[in-house]
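Working notes, structure below.
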Amino acid sequence: MAVRRTVLAALSAASAAALLLPVLAPTAAVASPDGRDGPGLEPPAKQAVATGSGGAVSSVNPYASQAGLDVLRKGGNAVDAAVATAAALGVVEPYSAGIGGGGYFVYYDASTGEVSTLDGRETAPARMGEDAFLDPATGKPIPFDEAVNSGLSVGVPGTPATWEKALDDWGSIGLGQALRPATRLADEGFVVNEEFRAQTEMNEDRFRDFSSTAELFLPGGELPVVGSKFRNPDLARTYRQLAREGTAAMHRGSIGRDVVRTVKQPPVAEGSTRNVRPGLMERADLAAYEVVPRKPTHTTYRGTDVYSMAPSSSGGTTVGEALNILENYELSSAGADRAQALHHYLEASRIGFADRNRWVGDPAFSDVPTDELLSKEYAKERACLIRPDAALTSPLAPGDPREPGQGCTAGKGSAEPHEGPSTTHLVASDRWGNVVSYTLTIEQTGGSGITVPGRGFLLNNELSDFEFAPLTPGVPHPNLPGPGKRPRSSMSPTIVLKDGEPQLALGSPGGATIITTVLQTLVNRIDLGMSLPDAVAAPRLSQRNRATTEAEPAFLSSPERAQLDALGHKFVPAPETFTPSPEIGAVAALEFGADGTVTAVAEPKRRGGGSAMVVDERH
């Protein structure tokens, strides 16, 4: 393996030296039904599964996947492609991610065999205290809607710095080159699809309350028309400035200046009756921001090594703890009794969330027991709570991973806190064997609803991921607001190795349902023996230590539903989040074959279907 990695490193260096500038491949122009000037870029063909070699990209959008694939074809590596894909998602999926937000980047280096991660989560301003979301008159939390649609919820963005750091550490091109495909896409425009219009319509009322947002996303005061072209020249100019000046333009320059001005004085539309609170961000907060390299979470499962994101995200610890609990049972031996496998999956998730809600926060502010939460011994203690003939009752009390012998005690816990359902995820690999799993977000679909005037991007509402007050009075909580603090996340970008080589890479959007989506996909693939496309497409359930379990329609009409009802599970339809249909998550994934091929997998239907692409496709 050492010889192989030395050769891979040499090939990568040689390719980087000869790399051409990546530009989105030319596509045929389409007419603009709304009459706006100039042709838009025709959407690339969309497919949910692609198998081949030379590298791969999967995301929720074909424009974005194509941007990454073009970089790979020009000789770029997985990191280059991931940044290009993410930047393009900022154009075509602006309500889920963009340079006004943050995220988590997980990277497998084929030359060393090591997995590394970057924490690019947003941070609270220095002036934010624990009482930031409390009404000073009553001492009670302010209405959640008022927190979201405000400058108060906007955290210091980390996405541009994450891109730059990843490229500096592992990429073969600079930020300017990586931004070129997305810049062209923002300039020339993309064709509006049903999902973009639906997401705009879901946000229409609050978008109209901010003049800059209405001007950009409601052109002419109307919803964008399906089949029309949507251009964002302001974002193209912003990307060009980042290409010239680097992320200093955000953290010490004029882009950051405009961000701070917008946060402190949100551009509320004339006549709006919305109570929009100003934010606390200063330019010094932007200047102080740093991306944090972190040791990944790691656990073993059924002969594989599972790596993910450590706190400030709760994804790696919660998915890992649930897998460790499930390893105490032979789910595959359930055979035809799929209901028992789902029962154990739901119970492991319930227990993992009980512990997550109590213990996980920003490790710079709390003593997070990461190693203890991921210990096999603790998982075995917690597994004893699971009965094959009856569901547990939520909210379940957390265990204490630092106190051995107490994990099998059931009790009543606190309700699950709120977390927005948006975000986006992408995966990328290259011909040298490097792999990226990257989840990025602006939190709620549409973020704070506030667009930076003249800059073309929405600001996040990530600070509403903090608890506004302790969940249990008198019990210290790791996710209360604090100066410079990162709110807890559920993002779970994951890379699975087998015998030291990549086997799977996956992740999902969906707020707290990210954890259950990644967990269920792993169980489907590893335990239940589904192919990866089937594991992704299967109906989803999400149990997050709540009295009820959210479920997609295909499960609610399945035979397993009645069997699980009989065990005491209570199901409710999944909420309508990304589009006006009940869905949970939107996986993008890769699987690596023993023959050197890679299979890229995207959603076949959720969010209108995703986009999986490989450099040299095998038909």
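Every chain in the structure tokens has a letter given in the order shown (A, B, ...), and although residue numbers restart at 1 in each chain, ligands are simply numbered from 1 in the order shown.
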
Query raised in the report: Could you name the residues that touch region 86-95 of chain A at 9 Å or less, counting only C-alpha atoms, but leaving out those on the same chain fewer than 6 positions away, as an MDAnalysis selection string?
Result: chainID A and resid 59:61 63:65 67:68 163 178:179 181:183 185:186 189:190 192 196 199:200 230:232 235:236 239 422:426 438 440:447 449 456:458

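Minimum distance to Leu242 (chain A) across A:Arg455, A:Arg488, A:Lys380, A:Lys264 (counting only C-alpha atoms) occurs at A:Arg455.
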
Report task. Kindly indicate which residue among A:Thr521, A:Phe555, A:Gln543, A:Pro533 lies nearest to His344 (chain A), using only C-alpha atoms for the distances. Result -> A:Gln543

Sort by chain and increasing residue number a table of all residues of region 491-555 of chain A within 9 Å of region 113-135 of chain A, each with its closest pair of atoms and their distance in Å to one decimal, counting only C-alpha atoms, and write it as JSON lines.
{"residue": "A:Ile495", "atom": "CA", "partner": "A:Val115", "partner_atom": "CA", "distance": 8.2}
{"residue": "A:Gly500", "atom": "CA", "partner": "A:Gly113", "partner_atom": "CA", "distance": 6.7}
{"residue": "A:Glu501", "atom": "CA", "partner": "A:Gly113", "partner_atom": "CA", "distance": 7.4}

What does the file look like for those residues with all heavy atoms, as a compact mmCIF listing (two decimals), in the first residue's frame?
# COMPACT_ATOMS: atom_id res chain seq x y z
N ILE A 495 -17.06 9.14 5.56
CA ILE A 495 -16.26 8.30 4.67
C ILE A 495 -16.02 6.97 5.37
O ILE A 495 -15.61 6.94 6.53
CB ILE A 495 -14.92 8.97 4.30
CG1 ILE A 495 -15.17 10.22 3.44
CG2 ILE A 495 -14.01 8.00 3.55
CD1 ILE A 495 -13.92 10.99 3.08
N GLY A 500 -8.51 -0.31 4.91
CA GLY A 500 -7.72 0.89 4.66
C GLY A 500 -8.01 1.61 3.36
O GLY A 500 -7.41 2.65 3.07
N GLU A 501 -8.94 1.09 2.57
CA GLU A 501 -9.28 1.71 1.29
C GLU A 501 -10.72 2.22 1.32
O GLU A 501 -11.58 1.63 2.00
CB GLU A 501 -9.13 0.70 0.15
CG GLU A 501 -7.73 0.14 -0.01
CD GLU A 501 -6.73 1.17 -0.52
OE1 GLU A 501 -7.17 2.20 -1.06
OE2 GLU A 501 -5.52 0.94 -0.37

Report task. Point out the residue among A:Pro487, A:Pro493, A:Gly171, A:Pro473 with the least atom-to-atom distance to Asp80 (chain A), counting only C-alpha atoms. Result -> A:Gly171

Report task. Excluding region 267-279 of chain A and any residue of its chain fewer than 5 positions from it, enumerate the residues within 12 Å of it, using only C-alpha atoms, and give them as a PyMOL selection string. Result -> chain A and resi 124-128+132-133+135+142-156+205-215+258-262+448-454+459-461+463

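Every protein, DNA or RNA residue with an atom at most 10 Å from Gln563 (chain A), where only C-alpha atoms count and chain neighbours fewer than 6 positions away do not, is listed here: A:Asp337, A:Arg338, A:Ala339, A:Gln340, A:His343, A:His569.
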
Output file for the residues above (all heavy atoms, as an mmCIF file, in the first residue's frame):
data_model
loop_
_atom_site.group_PDB
_atom_site.id
_atom_site.type_symbol
_atom_site.label_atom_id
_atom_site.label_comp_id
_atom_site.auth_asym_id
_atom_site.auth_seq_id
_atom_site.Cartn_x
_atom_site.Cartn_y
_atom_site.Cartn_z
ATOM 1 N N ASP A 337 -37.587 -10.563 8.328
ATOM 2 C CA ASP A 337 -38.177 -9.718 9.363
ATOM 3 C C ASP A 337 -37.536 -8.333 9.325
ATOM 4 O O ASP A 337 -36.790 -7.946 10.217
ATOM 5 C CB ASP A 337 -38.002 -10.367 10.734
ATOM 6 C CG ASP A 337 -38.879 -9.689 11.790
ATOM 7 O OD1 ASP A 337 -39.554 -8.698 11.442
ATOM 8 O OD2 ASP A 337 -38.874 -10.144 12.936
ATOM 9 N N ARG A 338 -37.830 -7.612 8.280
ATOM 10 C CA ARG A 338 -37.254 -6.277 8.119
ATOM 11 C C ARG A 338 -37.770 -5.332 9.199
ATOM 12 O O ARG A 338 -37.082 -4.387 9.579
ATOM 13 C CB ARG A 338 -37.598 -5.733 6.728
ATOM 14 C CG ARG A 338 -36.935 -4.400 6.406
ATOM 15 C CD ARG A 338 -37.016 -4.083 4.928
ATOM 16 N NE ARG A 338 -36.388 -2.805 4.651
ATOM 17 C CZ ARG A 338 -37.046 -1.641 4.643
ATOM 18 N NH1 ARG A 338 -38.342 -1.617 4.903
ATOM 19 N NH2 ARG A 338 -36.416 -0.509 4.384
ATOM 20 N N ALA A 339 -38.965 -5.597 9.713
ATOM 21 C CA ALA A 339 -39.525 -4.738 10.755
ATOM 22 C C ALA A 339 -38.641 -4.734 11.993
ATOM 23 O O ALA A 339 -38.459 -3.685 12.631
ATOM 24 C CB ALA A 339 -40.936 -5.192 11.119
ATOM 25 N N GLN A 340 -38.060 -5.878 12.360
ATOM 26 C CA GLN A 340 -37.174 -5.917 13.525
ATOM 27 C C GLN A 340 -35.898 -5.108 13.276
ATOM 28 O O GLN A 340 -35.396 -4.434 14.184
ATOM 29 C CB GLN A 340 -36.823 -7.362 13.887
ATOM 30 C CG GLN A 340 -37.783 -8.002 14.866
ATOM 31 C CD GLN A 340 -37.798 -7.301 16.231
ATOM 32 O OE1 GLN A 340 -36.758 -7.035 16.820
ATOM 33 N NE2 GLN A 340 -38.997 -6.992 16.728
ATOM 34 N N HIS A 343 -36.913 -1.579 13.651
ATOM 35 C CA HIS A 343 -37.147 -1.324 15.081
ATOM 36 C C HIS A 343 -35.828 -1.027 15.798
ATOM 37 O O HIS A 343 -35.720 -0.047 16.554
ATOM 38 C CB HIS A 343 -37.842 -2.529 15.704
ATOM 39 C CG HIS A 343 -37.899 -2.508 17.201
ATOM 40 N ND1 HIS A 343 -38.590 -1.557 17.917
ATOM 41 C CD2 HIS A 343 -37.335 -3.351 18.127
ATOM 42 C CE1 HIS A 343 -38.464 -1.791 19.213
ATOM 43 N NE2 HIS A 343 -37.709 -2.878 19.373
ATOM 44 N N HIS A 569 -44.444 1.949 18.314
ATOM 45 C CA HIS A 569 -43.958 3.112 17.566
ATOM 46 C C HIS A 569 -45.150 3.921 17.063
ATOM 47 O O HIS A 569 -46.185 3.359 16.681
ATOM 48 C CB HIS A 569 -43.101 2.668 16.379
ATOM 49 C CG HIS A 569 -41.797 2.046 16.771
ATOM 50 N ND1 HIS A 569 -40.695 2.795 17.134
ATOM 51 C CD2 HIS A 569 -41.424 0.744 16.874
ATOM 52 C CE1 HIS A 569 -39.689 1.974 17.418
ATOM 53 N NE2 HIS A 569 -40.109 0.728 17.287
#

Requested in this report: Please provide as number ranges by chain all residues within 9 Å of Pro575 (chain A), with the sequence filter that same-chain residues fewer than 6 positions apart are discarded (counting only C-alpha atoms).
Outcome: A: 550-552, 581-584

Query - Residues flagged alpha helix (DSSP H) by DSSP in region 30-266 of chain A, as number ranges by chain - result: A: 62-73, 78-92, 144-148, 159-170, 175-188, 194-202, 204-207, 211-217, 233-245, 248-251, 254-264

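Minimum atom-to-atom distance to Gly529 (chain A), evaluated using only C-alpha atoms, belongs to A:Leu331 out of A:Val191, A:Val71, A:Leu331, A:Ala397.
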